[in-house]
Amino acid sequence: KRYWLESRQTASEVFEGQKRARSDLGGYYVSRPDGSHHHFIPIGPSHQAYLKDHLIHGQVIAAGAFSLATVLAAAEEHWAADGFALESVQFMRPLFADRDKVLQVLFEPRSGNQGYDFKLMTLEEQEDEEPIWAVYVEGTVEIGEPSAASELSLREAKDRCRVPADVEVHYGELAAVHIVWGPTWCWTEAAFGGEGMADGGLVRLGPPDGLSLGNLPLHPVAIDNGFAASGIAVKG
């Protein structure tokens with residue numbers, strides 16, 4: 001006789017009460033009786049191919065924007081209807097992304113108010129030693145209506161930012177400090193500045209052909225490329 005092992009169950013079937021988040025970077029999560037939420041997110045070359053195109057000193061290191069996008073995707077699962085903001089964000093250590101691993105995001109309620117503390121971390125195996133927790137980012141989640149958005153319209157922003165900036169110069173400046181962006185990380189198609197820092201900066205982004213955007217509320221590469229606008233504003 002032949003006996004066949006059933007195929008491995010998906011993570012959503014392994015643990016009773018575990019749920020799959022609506023967006024890719026939300027991963028899987030469990031909600032606990034104390035009000036906390038614990039997310040498990042597979043990351044690495046097999047899951048987000050674009051990570052290989054963010055190099056720092058020649059090593060594949062996830063941009064801080066990737067960590068922010070992961071926490072945002074996980075938080076949206078719980079507080080999208082109420083509104084929320086990430087505050088007091090601290091980056092504790094670099095997140096190496098050259099191999100697959102499981103990121104964990106833990107939201108723990110603070111006593112006395114509606115806010116949460118969060119940590120983004122991994123459990124790292126140690127040879128001949130107990131595993132250790134590596135915390136990459138921590139901060140707070142404030143629940144409720146966010147502060148009012150800017151009333152500045154896109155047309156008004158374009159009127160302020162009329163001075164073209166060379167995108168390749170921007171990429172070259174990053175490379176000069178050993179931050180190299182590959183093709184799937186270079187989304188900035190055009191950039192413009194104003195007469196001074198008060199006018200801000202404006203960038204037009206477009207993902208490269210063939211790159212899947214997934215179902216993320218805000219793509220990490222869009223966040224990282226968006227930071228270029230602030231650099232353009234500073235240079236004026």
# chains A, B, ... in the order shown; residues from 1 in each chain; ligands from 1

call {"tool": "residues_around", "arguments": {"residues": "A:Pro42", "least_positions_apart": "4", "cutoff": "8 Å", "atoms": "only C-alpha atoms", "output": "PDB file with all heavy atoms, in the first residue's frame"}}
result
ATOM      1  N   GLY A  27       0.271  39.913   7.506  1.00  0.00           N
ATOM      2  CA  GLY A  27       0.561  38.535   7.892  1.00  0.00           C
ATOM      3  C   GLY A  27      -0.620  37.829   8.525  1.00  0.00           C
ATOM      4  O   GLY A  27      -1.778  38.030   8.151  1.00  0.00           O
ATOM      5  N   HIS A  47       9.520  36.363  -0.423  1.00  0.00           N
ATOM      6  CA  HIS A  47       8.214  36.982  -0.182  1.00  0.00           C
ATOM      7  C   HIS A  47       8.122  38.399  -0.758  1.00  0.00           C
ATOM      8  O   HIS A  47       7.089  38.770  -1.316  1.00  0.00           O
ATOM      9  CB  HIS A  47       7.943  37.021   1.330  1.00  0.00           C
ATOM     10  CG  HIS A  47       8.027  35.695   1.992  1.00  0.00           C
ATOM     11  ND1 HIS A  47       7.039  34.738   1.874  1.00  0.00           N
ATOM     12  CD2 HIS A  47       9.001  35.137   2.765  1.00  0.00           C
ATOM     13  CE1 HIS A  47       7.386  33.658   2.559  1.00  0.00           C
ATOM     14  NE2 HIS A  47       8.567  33.871   3.096  1.00  0.00           N
ATOM     15  N   ASP A 100      15.049  34.609   4.322  1.00  0.00           N
ATOM     16  CA  ASP A 100      13.667  34.606   4.796  1.00  0.00           C
ATOM     17  C   ASP A 100      13.622  34.497   6.317  1.00  0.00           C
ATOM     18  O   ASP A 100      14.423  33.790   6.937  1.00  0.00           O
ATOM     19  CB  ASP A 100      12.903  33.426   4.191  1.00  0.00           C
ATOM     20  CG  ASP A 100      12.672  33.587   2.699  1.00  0.00           C
ATOM     21  OD1 ASP A 100      12.845  34.717   2.198  1.00  0.00           O
ATOM     22  OD2 ASP A 100      12.306  32.596   2.043  1.00  0.00           O
ATOM     23  N   LYS A 101      12.681  35.203   6.905  1.00  0.00           N
ATOM     24  CA  LYS A 101      12.468  35.138   8.349  1.00  0.00           C
ATOM     25  C   LYS A 101      11.038  35.554   8.639  1.00  0.00           C
ATOM     26  O   LYS A 101      10.296  35.964   7.731  1.00  0.00           O
ATOM     27  CB  LYS A 101      13.447  36.040   9.093  1.00  0.00           C
ATOM     28  CG  LYS A 101      13.354  37.525   8.732  1.00  0.00           C
ATOM     29  CD  LYS A 101      14.377  38.363   9.476  1.00  0.00           C
ATOM     30  CE  LYS A 101      15.784  38.061   9.036  1.00  0.00           C
ATOM     31  NZ  LYS A 101      16.803  38.918   9.703  1.00  0.00           N
ATOM     32  N   VAL A 102      10.644  35.444   9.880  1.00  0.00           N
ATOM     33  CA  VAL A 102       9.294  35.826  10.283  1.00  0.00           C
ATOM     34  C   VAL A 102       9.383  37.038  11.209  1.00  0.00           C
ATOM     35  O   VAL A 102       9.936  36.963  12.309  1.00  0.00           O
ATOM     36  CB  VAL A 102       8.553  34.676  11.001  1.00  0.00           C
ATOM     37  CG1 VAL A 102       7.173  35.150  11.472  1.00  0.00           C
ATOM     38  CG2 VAL A 102       8.401  33.485  10.060  1.00  0.00           C
ATOM     39  N   LEU A 103       8.866  38.148  10.738  1.00  0.00           N
ATOM     40  CA  LEU A 103       8.753  39.332  11.586  1.00  0.00           C
ATOM     41  C   LEU A 103       7.543  39.182  12.495  1.00  0.00           C
ATOM     42  O   LEU A 103       6.519  38.619  12.096  1.00  0.00           O
ATOM     43  CB  LEU A 103       8.565  40.584  10.739  1.00  0.00           C
ATOM     44  CG  LEU A 103       9.790  41.315  10.185  1.00  0.00           C
ATOM     45  CD1 LEU A 103       9.336  42.581   9.471  1.00  0.00           C
ATOM     46  CD2 LEU A 103      10.773  41.652  11.282  1.00  0.00           C
TER      47      LEU A 103
END

call {"tool": "residues_around", "arguments": {"residues": "stretch 33-37 of chain A", "least_positions_apart": "5", "cutoff": "6 Å", "atoms": "only C-alpha atoms", "output": "VMD selection string"}}
result
chain A and resid 106 to 108

call {"tool": "closest_atom_pairs", "arguments": {"of": "stretch 156-224 of chain A", "to": "stretch 54-63 of chain A", "cutoff": "6 Å", "atoms": "only C-alpha atoms", "output": "tab-separated table"}}
result
residue	atom	partner	partner_atom	distance
A:His178	CA	A:His57	CA	5.1
A:Ile179	CA	A:Ile56	CA	4.6
A:Val180	CA	A:Leu55	CA	5.1
A:Trp181	CA	A:His54	CA	5.1

call {"tool": "write_last_selection", "arguments": {"atoms": "N, CA and C atoms", "output": "mmCIF file, in the first residue's frame"}}
result
data_model
loop_
_atom_site.group_PDB
_atom_site.id
_atom_site.type_symbol
_atom_site.label_atom_id
_atom_site.label_comp_id
_atom_site.auth_asym_id
_atom_site.auth_seq_id
_atom_site.Cartn_x
_atom_site.Cartn_y
_atom_site.Cartn_z
ATOM 1 N N HIS A 178 26.741 55.202 0.504
ATOM 2 C CA HIS A 178 26.660 53.736 0.520
ATOM 3 C C HIS A 178 25.231 53.202 0.675
ATOM 4 N N ILE A 179 24.258 53.951 0.151
ATOM 5 C CA ILE A 179 22.878 53.465 0.051
ATOM 6 C C ILE A 179 22.570 53.333 -1.437
ATOM 7 N N VAL A 180 22.463 52.100 -1.915
ATOM 8 C CA VAL A 180 22.283 51.851 -3.343
ATOM 9 C C VAL A 180 20.890 51.273 -3.583
ATOM 10 N N TRP A 181 20.151 51.914 -4.480
ATOM 11 C CA TRP A 181 18.816 51.440 -4.856
ATOM 12 C C TRP A 181 18.902 50.744 -6.213
#

call {"tool": "residues_around", "arguments": {"residues": "A:Gly194", "least_positions_apart": "5", "cutoff": "7 Å", "atoms": "only C-alpha atoms", "output": "JSON list (two decimals) with N, CA, C and O atoms, in the first residue's frame"}}
result
[["chain", "number", "residue", "atom", "x", "y", "z"],
["A", 160, "ARG", "N", 3.80, 75.72, -6.32],
["A", 160, "ARG", "CA", 4.92, 76.06, -5.44],
["A", 160, "ARG", "C", 6.23, 75.41, -5.90],
["A", 160, "ARG", "O", 7.30, 75.99, -5.75],
["A", 161, "CYS", "N", 6.12, 74.19, -6.41],
["A", 161, "CYS", "CA", 7.31, 73.40, -6.74],
["A", 161, "CYS", "C", 7.45, 73.31, -8.25],
["A", 161, "CYS", "O", 6.96, 72.35, -8.87],
["A", 162, "ARG", "N", 8.11, 74.28, -8.82],
["A", 162, "ARG", "CA", 8.26, 74.35, -10.28],
["A", 162, "ARG", "C", 9.69, 74.10, -10.75],
["A", 162, "ARG", "O", 9.93, 73.98, -11.95],
["A", 163, "VAL", "N", 10.63, 74.01, -9.81],
["A", 163, "VAL", "CA", 12.03, 73.89, -10.20],
["A", 163, "VAL", "C", 12.39, 72.41, -10.32],
["A", 163, "VAL", "O", 12.37, 71.68, -9.33],
["A", 199, "ASP", "N", 8.55, 75.94, 0.74],
["A", 199, "ASP", "CA", 7.72, 75.51, -0.39],
["A", 199, "ASP", "C", 7.62, 73.99, -0.47],
["A", 199, "ASP", "O", 6.74, 73.46, -1.14],
["A", 200, "GLY", "N", 8.55, 73.28, 0.17],
["A", 200, "GLY", "CA", 8.51, 71.82, 0.17],
["A", 200, "GLY", "C", 9.09, 71.24, -1.12],
["A", 200, "GLY", "O", 9.73, 71.94, -1.91],
["A", 201, "GLY", "N", 8.86, 69.97, -1.30],
["A", 201, "GLY", "CA", 9.30, 69.28, -2.50],
["A", 201, "GLY", "C", 8.18, 68.39, -3.01],
["A", 201, "GLY", "O", 7.26, 68.04, -2.26],
["A", 236, "GLY", "N", 16.25, 73.11, -1.40],
["A", 236, "GLY", "CA", 15.61, 74.30, -1.92],
["A", 236, "GLY", "C", 15.95, 74.62, -3.37],
["A", 236, "GLY", "O", 15.97, 75.77, -3.76]]

call {"tool": "closest_residue", "arguments": {"among": "A:Thr184, A:Leu120, A:Ile41, A:Leu95", "to": "A:Gly210", "atoms": "only C-alpha atoms"}}
result
A:Thr184

call {"tool": "closest_residue", "arguments": {"among": "A:Ala75, A:Ala21, A:Val105, A:Val177", "to": "A:His39", "atoms": "only C-alpha atoms"}}
result
A:Val105

call {"tool": "residues_around", "arguments": {"residues": "A:Ala74", "least_positions_apart": "6", "cutoff": "12 Å", "atoms": "only C-alpha atoms", "output": "ChimeraX atom specification"}}
result
/A:19-31,37-41,67-68,80,84,86,103-107,118-120,141,216-218

call {"tool": "atom_distance", "arguments": {"atom1": "atom CA of A:Arg32", "atom2": "atom CA of A:Val137"}}
result
21.7 Å

call {"tool": "select_by_dssp", "arguments": {"residues": "stretch 23-128 of chain A", "states": "strand (DSSP E)", "output": "ChimeraX atom specification"}}
result
/A:28-31,37-43,54-56,59-62,84-91,95-96,101-109,116-126

call {"tool": "atom_distance", "arguments": {"atom1": "atom CA of A:Glu156", "atom2": "atom CA of A:Val221"}}
result
25.2 Å

call {"tool": "atom_distance", "arguments": {"atom1": "atom CA of A:Glu87", "atom2": "atom CA of A:Gly139"}}
result
6.0 Å

call {"tool": "closest_residue", "arguments": {"among": "A:Leu211, A:Leu174, A:Leu72, A:Ala134", "to": "A:Tyr50", "atoms": "only C-alpha atoms"}}
result
A:Leu211
